[in-house]
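J.: Here you go, this is protein_13.cif (mmCIF, C-alpha atoms and all ligand atoms).
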```cif
data_data
#
loop_
_atom_site.label_atom_id
_atom_site.label_comp_id
_atom_site.auth_asym_id
_atom_site.auth_seq_id
_atom_site.Cartn_x
_atom_site.Cartn_y
_atom_site.Cartn_z
CA MET F 102 15.50 14.04 -28.61
CA THR F 103 12.77 11.39 -28.90
CA LYS F 104 13.47 8.27 -31.00
CA PRO F 105 10.91 7.16 -33.61
CA GLY F 106 8.57 4.46 -32.34
CA ILE F 107 5.47 3.98 -30.26
CA VAL F 108 5.07 6.05 -27.12
CA LYS F 109 2.61 4.69 -24.59
CA LYS F 110 0.70 7.00 -22.32
CA LYS F 111 1.48 6.38 -18.65
CA ILE F 112 -1.31 6.22 -16.12
CA ASN F 113 -1.56 6.10 -12.33
CA ILE F 114 -3.48 3.25 -10.73
CA ALA F 115 -4.89 3.53 -7.18
CA ILE F 116 -5.85 0.36 -5.31
CA ASP F 117 -7.63 0.80 -1.98
CA GLY F 118 -9.38 -1.55 0.38
CA TYR F 119 -9.44 -3.18 3.80
CA SER F 120 -6.41 -5.09 5.07
CA SER F 121 -5.74 -8.55 3.64
CA CYS F 122 -7.96 -8.14 0.59
CA GLY F 123 -5.02 -9.09 -1.63
CA LYS F 124 -4.22 -5.53 -2.73
CA SER F 125 -0.45 -5.81 -2.72
CA THR F 126 -0.25 -9.12 -4.60
CA LEU F 127 -2.42 -7.71 -7.35
CA ALA F 128 -0.76 -4.29 -7.38
CA LYS F 129 2.70 -5.89 -7.74
CA ALA F 130 1.55 -8.06 -10.66
CA VAL F 131 -0.04 -5.07 -12.44
CA ALA F 132 3.06 -2.90 -11.93
CA LYS F 133 5.25 -5.68 -13.34
CA GLU F 134 3.02 -6.05 -16.40
CA PHE F 135 3.33 -2.37 -17.37
CA ASN F 136 6.85 -1.90 -15.99
CA TYR F 137 5.42 0.64 -13.54
CA ILE F 138 6.60 1.52 -10.04
CA TYR F 139 4.73 -0.23 -7.22
CA ILE F 140 4.33 1.69 -3.97
CA ASP F 141 3.13 -0.10 -0.86
CA THR F 142 1.90 2.77 1.34
CA GLY F 143 0.94 0.38 4.17
CA ALA F 144 4.64 -0.50 4.41
CA MET F 145 5.40 3.19 5.04
CA TYR F 146 2.94 3.35 7.96
CA ARG F 147 4.35 0.07 9.22
CA ALA F 148 7.91 1.47 9.06
CA MET F 149 6.77 4.51 11.04
CA THR F 150 5.24 2.18 13.64
CA LEU F 151 8.50 0.23 13.84
CA HIS F 152 10.29 3.52 14.42
CA ALA F 153 7.89 4.30 17.29
CA LEU F 154 8.45 0.84 18.80
CA LYS F 155 12.24 1.08 18.50
CA ARG F 156 12.35 4.53 20.10
CA GLY F 157 10.12 3.43 22.99
CA TYR F 158 7.12 5.61 22.06
CA ILE F 159 4.87 2.56 22.28
CA THR F 160 4.77 0.90 25.68
CA PRO F 161 2.21 -1.27 27.51
CA GLU F 162 0.80 2.03 28.79
CA GLY F 163 0.03 3.17 25.25
CA LEU F 164 1.29 5.29 22.36
CA ASN F 165 3.11 8.53 23.19
CA GLU F 166 1.83 10.57 20.23
CA GLU F 167 3.58 13.76 21.27
CA ALA F 168 7.01 12.11 21.43
CA LEU F 169 6.51 10.44 18.05
CA ILE F 170 5.35 13.70 16.40
CA LYS F 171 8.46 15.52 17.72
CA ASP F 172 10.67 12.76 16.31
CA LEU F 173 9.06 12.40 12.86
CA ASP F 174 12.02 13.96 11.04
CA ASN F 175 14.25 11.17 12.35
CA ALA F 176 12.20 8.50 10.59
CA TYR F 177 13.64 8.37 7.09
CA ILE F 178 11.55 5.94 5.02
CA THR F 179 12.71 4.81 1.58
CA PHE F 180 12.40 1.86 -0.82
CA GLN F 181 15.33 -0.10 -2.18
CA TYR F 182 15.29 -2.51 -5.11
CA ASN F 183 16.62 -5.99 -4.33
CA PRO F 184 18.24 -7.39 -7.51
CA VAL F 185 18.15 -10.94 -6.10
CA THR F 186 14.42 -11.13 -5.34
CA TYR F 187 13.46 -8.46 -7.94
CA LEU F 188 11.35 -6.85 -5.22
CA SER F 189 11.37 -3.41 -3.70
CA GLU F 190 12.14 -3.46 0.03
CA THR F 191 11.15 -0.95 2.70
CA CYS F 192 13.99 0.77 4.56
CA LEU F 193 13.93 2.71 7.80
CA ASN F 194 16.91 5.02 8.26
CA GLY F 195 18.86 3.10 5.62
CA GLU F 196 18.20 -0.36 7.07
CA VAL F 197 16.02 -2.93 5.27
CA VAL F 198 13.07 -3.64 7.61
CA GLU F 199 10.83 -5.62 5.26
CA LYS F 200 10.61 -8.59 7.64
CA GLU F 201 10.21 -6.65 10.89
CA ILE F 202 7.34 -4.51 9.59
CA ARG F 203 5.24 -7.63 8.83
CA GLN F 204 5.44 -8.92 12.43
CA MET F 205 2.29 -8.97 14.60
CA ASP F 206 3.79 -6.42 17.01
CA VAL F 207 3.80 -3.83 14.21
CA SER F 208 0.36 -4.93 12.90
CA LYS F 209 -1.10 -4.43 16.39
CA HIS F 210 0.02 -0.80 16.63
CA VAL F 211 -0.01 0.42 13.03
CA SER F 212 -3.61 1.69 12.95
CA PRO F 213 -3.29 4.11 15.91
CA VAL F 214 0.03 5.37 14.50
CA SER F 215 -1.46 5.91 11.05
CA ALA F 216 -4.41 7.82 12.53
CA ILE F 217 -2.07 10.62 13.70
CA LYS F 218 -2.52 13.73 11.54
CA GLU F 219 1.19 14.67 11.48
CA VAL F 220 2.20 11.13 10.45
CA ARG F 221 -0.25 11.24 7.56
CA LEU F 222 0.82 14.70 6.43
CA LYS F 223 4.42 13.52 6.18
CA LEU F 224 3.72 10.25 4.40
CA VAL F 225 0.98 11.54 2.08
CA LYS F 226 3.36 14.32 0.93
CA LEU F 227 5.99 11.72 0.10
CA GLN F 228 3.44 9.48 -1.68
CA LYS F 229 2.14 12.39 -3.77
CA ARG F 230 5.69 13.20 -4.84
CA LEU F 231 6.35 9.58 -5.83
CA SER F 232 3.29 9.63 -8.11
CA GLU F 233 4.06 12.91 -9.89
CA ASN F 234 5.61 11.34 -12.99
CA LYS F 235 2.82 8.80 -13.56
CA GLY F 236 3.47 5.12 -14.21
CA VAL F 237 2.68 4.24 -10.60
CA VAL F 238 0.55 1.53 -8.99
CA MET F 239 -0.08 2.47 -5.36
CA ASP F 240 -2.09 0.57 -2.78
CA GLY F 241 -3.45 1.67 0.58
CA ARG F 242 -6.54 3.13 2.22
CA ASP F 243 -6.72 6.73 0.98
CA ILE F 244 -4.99 6.53 -2.39
CA GLY F 245 -8.00 7.21 -4.63
CA THR F 246 -9.41 9.82 -2.26
CA VAL F 247 -6.42 11.76 -0.87
CA VAL F 248 -3.05 10.73 -2.32
CA MET F 249 -3.97 10.40 -6.01
CA PRO F 250 -7.51 11.84 -6.35
CA ASP F 251 -6.76 12.28 -10.08
CA ALA F 252 -5.61 8.67 -10.60
CA ASP F 253 -6.64 7.41 -14.05
CA LEU F 254 -7.86 4.09 -12.68
CA LYS F 255 -9.19 3.51 -9.17
CA ILE F 256 -9.99 0.11 -7.74
CA PHE F 257 -11.66 -0.58 -4.39
CA MET F 258 -11.06 -4.16 -3.32
CA VAL F 259 -13.34 -6.11 -1.02
CA ALA F 260 -13.49 -9.73 0.18
CA THR F 261 -15.41 -11.63 2.85
CA PRO F 262 -13.90 -11.66 6.39
CA GLU F 263 -13.34 -15.45 6.18
CA VAL F 264 -11.34 -15.13 2.97
CA ARG F 265 -9.29 -12.25 4.35
CA ILE F 266 -8.46 -14.11 7.59
CA GLN F 267 -7.41 -17.22 5.69
CA ARG F 268 -5.22 -15.19 3.29
CA ARG F 269 -3.48 -13.35 6.10
CA TYR F 270 -2.97 -16.62 8.00
CA ASP F 271 -1.44 -18.34 4.95
CA GLU F 272 0.79 -15.33 4.26
CA LEU F 273 2.15 -15.13 7.81
CA ILE F 274 2.62 -18.88 8.21
CA SER F 275 4.52 -19.00 4.90
CA LYS F 276 6.82 -16.28 6.29
CA GLY F 277 7.43 -18.32 9.45
CA VAL F 278 5.42 -16.01 11.75
CA ALA F 279 3.75 -17.94 14.60
CA VAL F 280 0.15 -16.75 14.75
CA SER F 281 -3.37 -18.09 15.33
CA LYS F 282 -6.48 -17.39 13.25
CA ASP F 283 -8.16 -15.85 16.31
CA GLU F 284 -5.30 -13.39 16.70
CA ILE F 285 -5.61 -12.44 13.02
CA LYS F 286 -9.39 -12.06 13.26
CA GLN F 287 -9.04 -9.73 16.22
CA ASN F 288 -6.31 -7.69 14.52
CA ILE F 289 -8.21 -7.34 11.24
CA THR F 290 -11.43 -6.32 13.01
CA GLU F 291 -9.67 -3.70 15.10
CA ARG F 292 -7.75 -2.27 12.15
CA ASP F 293 -10.88 -2.12 9.95
CA HIS F 294 -12.63 -0.16 12.69
CA ILE F 295 -9.81 2.35 13.28
CA ASP F 296 -8.92 2.73 9.58
CA SER F 297 -12.55 3.45 8.63
CA ASN F 298 -13.49 5.68 11.56
CA ARG F 299 -10.42 7.85 12.09
CA VAL F 300 -10.79 11.60 11.54
CA ASN F 301 -7.82 11.97 9.18
CA ASP F 302 -8.10 10.38 5.70
CA PRO F 303 -10.32 7.43 6.69
CA LEU F 304 -10.69 4.43 4.41
CA ARG F 305 -13.43 5.39 1.93
CA GLN F 306 -14.44 4.17 -1.48
CA SER F 307 -13.88 6.98 -3.95
CA PRO F 308 -17.15 7.56 -5.92
CA ASP F 309 -15.29 6.95 -9.20
CA ALA F 310 -13.62 3.71 -8.04
CA LEU F 311 -14.49 0.33 -9.53
CA VAL F 312 -15.35 -2.26 -6.88
CA LEU F 313 -13.52 -5.56 -7.19
CA ASP F 314 -14.89 -8.28 -4.91
CA ASN F 315 -12.24 -10.96 -5.11
CA SER F 316 -13.68 -13.42 -2.55
CA ASP F 317 -14.22 -16.01 -5.30
CA LEU F 318 -11.76 -14.81 -7.93
CA SER F 319 -8.36 -16.26 -8.73
CA LEU F 320 -5.38 -13.92 -8.97
CA ASP F 321 -5.44 -14.41 -12.76
CA GLU F 322 -9.08 -13.30 -12.95
CA GLN F 323 -8.42 -10.20 -10.84
CA PHE F 324 -5.34 -9.44 -12.90
CA GLU F 325 -7.27 -9.73 -16.19
CA PHE F 326 -9.96 -7.38 -14.85
CA ILE F 327 -7.49 -4.60 -14.04
CA ILE F 328 -5.26 -5.08 -17.08
CA LYS F 329 -8.27 -4.79 -19.40
CA LYS F 330 -9.42 -1.55 -17.76
CA ALA F 331 -5.88 -0.14 -17.78
CA GLN F 332 -5.31 -1.07 -21.44
CA GLU F 333 -8.50 0.78 -22.39
CA LEU F 334 -7.08 3.90 -20.77
CA ILE F 335 -3.56 3.53 -22.11
CA GLY F 336 -4.68 2.78 -25.68
CA ASN F 337 -2.26 1.60 -28.31
CA GLY F 338 0.08 4.52 -27.93
CA GLU F 339 1.02 7.31 -30.29
CA GLU F 340 3.34 6.61 -33.15
CA ILE F 341 6.30 8.94 -33.45
CA SER F 342 7.67 8.69 -36.95
CA GLN F 343 10.18 11.53 -36.86
CA LEU F 344 12.85 12.57 -34.43
CA GLN F 345 11.51 15.40 -32.28
O1 LIG Y 1 -1.87 -2.39 3.87
P1 LIG Y 1 -1.38 -2.76 5.28
O2 LIG Y 1 -2.27 -3.72 5.99
O3 LIG Y 1 0.04 -3.18 5.29
O4 LIG Y 1 -1.47 -1.37 6.07
C1 LIG Y 1 -1.10 -1.26 7.43
C2 LIG Y 1 -1.86 -0.14 8.10
O5 LIG Y 1 -1.42 1.12 7.60
C3 LIG Y 1 -3.37 -0.14 7.91
O6 LIG Y 1 -4.02 -0.88 8.92
C4 LIG Y 1 -3.74 1.32 7.97
C5 LIG Y 1 -2.49 2.05 7.56
N1 LIG Y 1 -2.58 2.62 6.22
C6 LIG Y 1 -3.16 3.85 6.08
O7 LIG Y 1 -3.63 4.42 7.07
N2 LIG Y 1 -3.18 4.47 4.88
C7 LIG Y 1 -2.67 3.87 3.80
N3 LIG Y 1 -2.69 4.52 2.62
C8 LIG Y 1 -2.09 2.58 3.89
C9 LIG Y 1 -2.10 1.96 5.13
#
```
Output the structure of this file as structure tokens.
Ligand code: DC
T.:
Amino acid sequence: MTKPGIVKKKINIAIDGYSSCGKSTLAKAVAKEFNYIYIDTGAMYRAMTLHALKRGYITPEGLNEEALIKDLDNAYITFQYNPVTYLSETCLNGEVVEKEIRQMDVSKHVSPVSAIKEVRLKLVKLQKRLSENKGVVMDGRDIGTVVMPDADLKIFMVATPEVRIQRRYDELISKGVAVSKDEIKQNITERDHIDSNRVNDPLRQSPDALVLDNSDLSLDEQFEFIIKKAQELIGNGEEISQLQ
């Protein structure tokens, strides 16, 4: 039975772009505004990479794709809400790995791992399922093109390399990760190349996505831009005056 009142339409919002364009900060703020679920798909690929590192499938000799593919069912990736920080945390086989997946060791290997077809099939299936009931803000590389091609609102974020390097540097330093700007530059350049040129679900701007260049925009300005577009799609809601 539905109570009388205003029912707001729920929409799905896809946010894609290169690494360190500020996608997750914005996506989290938008999800909070509408009380939507935020899904960080990069965290899922990072968790899979951590799994590969822990199981010894990544060594100085390289990535053992075959061994990782055979072991995919043993990587159980979930999200858990932390009532203290009010944030959702990534778990690998029941253990919170939010901190480990942001380390440089994972960043260095995540692009080759996420280029593997079988890895993508598994994670894209999960991401599609999570978006079925609408009311989702999801960020990544292939969200508007592959995971949620029918998303109501698609944003493609871009920023200059200098801005992206500085943002990533500030983020890691604030988390206590020892890193140099040169290391970040090299990592971002390599990941951009692999993420855009891989055969499976490469980073592409969906033709119906709105481009948001945030090099010179504050978080508030970016937030206003998306909220306005989303509100136009959501409308004022339908009034339900009788019990149904
Ligand atoms: O958003 P991020 O930097 O945490 O993502 C880490 C890596 O995961 C990124 O370099 C490529 C991969 N990725 C992907 O292939 N597809 C997605 N939808 C999200 C991330």
J.: Determine, for each residue of chain F having at least one atom at most 7 Å from an atom of ligand LIG 1 (chain Y), the closest pair of atoms and their separation in Å to one decimal, counting all atoms listed in the file; order by chain and ascending number, as CSV.
T.:
```
residue,atom,partner,partner_atom,distance
F:Ser120,CA,Y:LIG1,O2,4.5
F:Ser121,CA,Y:LIG1,O2,6.4
F:Thr142,CA,Y:LIG1,C8,4.7
F:Gly143,CA,Y:LIG1,O4,3.5
F:Ala144,CA,Y:LIG1,O3,5.4
F:Tyr146,CA,Y:LIG1,O5,4.9
F:Arg147,CA,Y:LIG1,C1,5.9
F:Ser208,CA,Y:LIG1,C1,6.7
F:Val211,CA,Y:LIG1,C2,5.3
F:Ser212,CA,Y:LIG1,O6,4.8
F:Ser215,CA,Y:LIG1,O7,4.8
F:Ala216,CA,Y:LIG1,O7,6.5
F:Asp240,CA,Y:LIG1,N3,6.7
F:Gly241,CA,Y:LIG1,N3,3.6
F:Arg242,CA,Y:LIG1,N3,4.1
F:Asp243,CA,Y:LIG1,N3,4.9
F:Ile244,CA,Y:LIG1,N3,5.9
F:Arg292,CA,Y:LIG1,O6,5.1
F:Asp296,CA,Y:LIG1,C4,5.6
```
J.: Which one of F:Asn136, F:Ile217, F:His210, F:Leu224 sits closest to Ile178 (chain F) if you count only C-alpha atoms?
T.: F:Leu224
J.: Which residue, F:Gly236, F:Pro213, F:Gly106, F:Pro262, has the smallest gap to Leu164 (chain F) when you use all atoms listed in the file?
T.: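 Among F:Gly236, F:Pro213, F:Gly106, F:Pro262, it is F:Pro213 that comes nearest to Leu164 (chain F).
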J.: Tell me which protein, DNA and RNA residues are within 7 Å of Asn315 (chain F), counting all atoms listed in the file, leaving out same-chain ones fewer than 6 positions away, and put them as a PyMOL selection string.
T.: chain F and resi 259-260+323
J.: Could you state the separation of CA of Asn165 (chain F) and CA of Val214 (chain F) in Å, given to one decimal place?
T.: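 Between CA of Asn165 (chain F) and CA of Val214 (chain F) the gap works out to 9.7 Å.
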J.: To one decimal place, how far is CA of Ser307 (chain F) from CA of Gly245 (chain F) in Å?
T.: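 We find that CA of Ser307 (chain F) and CA of Gly245 (chain F) lie 5.9 Å from each other.
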J.: How far is it from CA of Val131 (chain F) to CA of Ser319 (chain F), in Å with one decimal?
T.: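 Straight-line distance from CA of Val131 (chain F) to CA of Ser319 (chain F) works out to 14.4 Å.
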J.: Looking at all atoms listed in the file, which of F:Leu304, F:Ile274, F:Val207, F:Ile256 is the one that sits closest to Lys330 (chain F)?
T.: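 Looking only at the distances to Lys330 (chain F), the closest residue turns out to be F:Ile256.
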J.: Near Gly338 (chain F), within 6 Å and counting only C-alpha atoms, which residues show up once chain neighbours fewer than 6 positions away are dropped, as number ranges by chain?
T.: F: 107-109
J.: Counting only C-alpha atoms, which of F:Cys122, F:Gly163, F:Val300, F:Arg203 gets nearest to Ser316 (chain F)?
T.: F:Cys122
J.: Residues at most 12 Å from region 155-161 of chain F, counting all atoms listed in the file, excluding those fewer than 5 positions away in the same chain, as a list in words?
T.: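 Surrounding residues, per the criterion: Ala148, Met149, Thr150, Glu166, Glu167, Ala168, Leu169, Ile170, Lys171, Asp172, Leu173, Asn175, Ala176, Leu193, Asn194, Val198, Glu201, Ile202, Asp206, Val207, Lys209, His210, Val211, Pro213 and Val214 of chain F.
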J.: With C-alpha atoms retained, could you export that selection as a short mmCIF file (atom, residue, chain, number, x, y, z; two decimals), in the coordinates of the input?
T.:
```
data_model
loop_
_atom_site.label_atom_id
_atom_site.label_comp_id
_atom_site.auth_asym_id
_atom_site.auth_seq_id
_atom_site.Cartn_x
_atom_site.Cartn_y
_atom_site.Cartn_z
CA ALA F 148 7.91 1.47 9.06
CA MET F 149 6.77 4.51 11.04
CA THR F 150 5.24 2.18 13.64
CA GLU F 166 1.83 10.57 20.23
CA GLU F 167 3.58 13.76 21.27
CA ALA F 168 7.01 12.11 21.43
CA LEU F 169 6.51 10.44 18.05
CA ILE F 170 5.35 13.70 16.40
CA LYS F 171 8.46 15.52 17.72
CA ASP F 172 10.67 12.76 16.31
CA LEU F 173 9.06 12.40 12.86
CA ASN F 175 14.25 11.17 12.35
CA ALA F 176 12.20 8.50 10.59
CA LEU F 193 13.93 2.71 7.80
CA ASN F 194 16.91 5.02 8.26
CA VAL F 198 13.07 -3.64 7.61
CA GLU F 201 10.21 -6.65 10.89
CA ILE F 202 7.34 -4.51 9.59
CA ASP F 206 3.79 -6.42 17.01
CA VAL F 207 3.80 -3.83 14.21
CA LYS F 209 -1.10 -4.43 16.39
CA HIS F 210 0.02 -0.80 16.63
CA VAL F 211 -0.01 0.42 13.03
CA PRO F 213 -3.29 4.11 15.91
CA VAL F 214 0.03 5.37 14.50
#
```
J.: Pick from F:Ala252, F:Thr186, F:Tyr119, F:Ala128: nearest to Ile295 (chain F), with all atoms listed in the file counted?
T.: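 Going through F:Ala252, F:Thr186, F:Tyr119, F:Ala128 one by one, the smallest distance to Ile295 (chain F) is for F:Tyr119.
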J.: Write a file for region 148-159 of chain F of the given structure; include all heavy atoms and format it as a short mmCIF file (atom, residue, chain, number, x, y, z; two decimals), in the first residue's frame.
T.:
```
data_model
loop_
_atom_site.label_atom_id
_atom_site.label_comp_id
_atom_site.auth_asym_id
_atom_site.auth_seq_id
_atom_site.Cartn_x
_atom_site.Cartn_y
_atom_site.Cartn_z
N ALA F 148 39.93 -3.86 -5.79
CA ALA F 148 39.82 -5.01 -4.88
C ALA F 148 40.24 -6.29 -5.60
O ALA F 148 40.91 -7.15 -5.02
CB ALA F 148 38.39 -5.13 -4.36
N MET F 149 39.88 -6.39 -6.88
CA MET F 149 40.28 -7.58 -7.65
C MET F 149 41.82 -7.61 -7.80
O MET F 149 42.44 -8.67 -7.76
CB MET F 149 39.60 -7.53 -9.03
CG MET F 149 39.80 -8.78 -9.86
SD MET F 149 39.23 -10.26 -9.03
CE MET F 149 37.48 -10.22 -9.44
N THR F 150 42.41 -6.44 -7.96
CA THR F 150 43.87 -6.35 -8.10
C THR F 150 44.54 -6.75 -6.78
O THR F 150 45.55 -7.45 -6.77
CB THR F 150 44.26 -4.91 -8.50
OG1 THR F 150 43.52 -4.57 -9.67
CG2 THR F 150 45.75 -4.78 -8.77
N LEU F 151 43.94 -6.32 -5.66
CA LEU F 151 44.47 -6.68 -4.35
C LEU F 151 44.41 -8.21 -4.18
O LEU F 151 45.35 -8.83 -3.68
CB LEU F 151 43.68 -5.98 -3.25
CG LEU F 151 44.15 -6.21 -1.83
CD1 LEU F 151 45.56 -5.64 -1.60
CD2 LEU F 151 43.18 -5.58 -0.82
N HIS F 152 43.32 -8.78 -4.64
CA HIS F 152 43.17 -10.24 -4.58
C HIS F 152 44.32 -10.91 -5.35
O HIS F 152 44.96 -11.84 -4.85
CB HIS F 152 41.81 -10.61 -5.18
CG HIS F 152 41.54 -12.07 -5.26
ND1 HIS F 152 41.25 -12.85 -4.15
CD2 HIS F 152 41.55 -12.93 -6.33
CE1 HIS F 152 41.08 -14.10 -4.54
NE2 HIS F 152 41.25 -14.18 -5.84
N ALA F 153 44.59 -10.39 -6.55
CA ALA F 153 45.66 -10.96 -7.38
C ALA F 153 47.02 -10.81 -6.71
O ALA F 153 47.86 -11.73 -6.75
CB ALA F 153 45.67 -10.28 -8.76
N LEU F 154 47.23 -9.68 -6.04
CA LEU F 154 48.51 -9.46 -5.35
C LEU F 154 48.63 -10.42 -4.16
O LEU F 154 49.67 -11.06 -3.95
CB LEU F 154 48.59 -8.01 -4.84
CG LEU F 154 48.95 -6.94 -5.89
CD1 LEU F 154 48.59 -5.55 -5.38
CD2 LEU F 154 50.44 -7.00 -6.24
N LYS F 155 47.55 -10.54 -3.39
CA LYS F 155 47.58 -11.39 -2.20
C LYS F 155 47.79 -12.85 -2.54
O LYS F 155 48.44 -13.58 -1.81
CB LYS F 155 46.25 -11.26 -1.44
CG LYS F 155 46.14 -10.00 -0.60
CD LYS F 155 44.89 -10.05 0.24
CE LYS F 155 44.92 -8.97 1.30
NZ LYS F 155 43.73 -8.96 2.14
N ARG F 156 47.22 -13.28 -3.67
CA ARG F 156 47.33 -14.69 -4.06
C ARG F 156 48.61 -14.98 -4.85
O ARG F 156 48.81 -16.10 -5.31
CB ARG F 156 46.14 -15.10 -4.92
CG ARG F 156 44.81 -14.96 -4.23
CD ARG F 156 44.50 -16.21 -3.42
NE ARG F 156 43.28 -16.03 -2.64
CZ ARG F 156 42.32 -16.93 -2.55
NH1 ARG F 156 42.42 -18.08 -3.16
NH2 ARG F 156 41.26 -16.69 -1.81
N GLY F 157 49.42 -13.94 -5.08
CA GLY F 157 50.69 -14.15 -5.77
C GLY F 157 50.57 -14.26 -7.28
O GLY F 157 51.43 -14.82 -7.95
N TYR F 158 49.46 -13.73 -7.86
CA TYR F 158 49.32 -13.78 -9.31
C TYR F 158 50.02 -12.61 -9.99
O TYR F 158 50.07 -12.53 -11.21
CB TYR F 158 47.83 -13.79 -9.72
CG TYR F 158 47.02 -14.88 -9.06
CD1 TYR F 158 45.72 -14.66 -8.64
CD2 TYR F 158 47.59 -16.14 -8.85
CE1 TYR F 158 44.98 -15.66 -8.01
CE2 TYR F 158 46.87 -17.14 -8.23
CZ TYR F 158 45.57 -16.89 -7.81
OH TYR F 158 44.85 -17.88 -7.19
N ILE F 159 50.49 -11.66 -9.16
CA ILE F 159 51.27 -10.56 -9.71
C ILE F 159 52.65 -10.63 -9.05
O ILE F 159 52.75 -10.54 -7.82
CB ILE F 159 50.61 -9.19 -9.43
CG1 ILE F 159 49.22 -9.12 -10.08
CG2 ILE F 159 51.49 -8.05 -9.92
CD1 ILE F 159 48.41 -7.88 -9.72
#
```
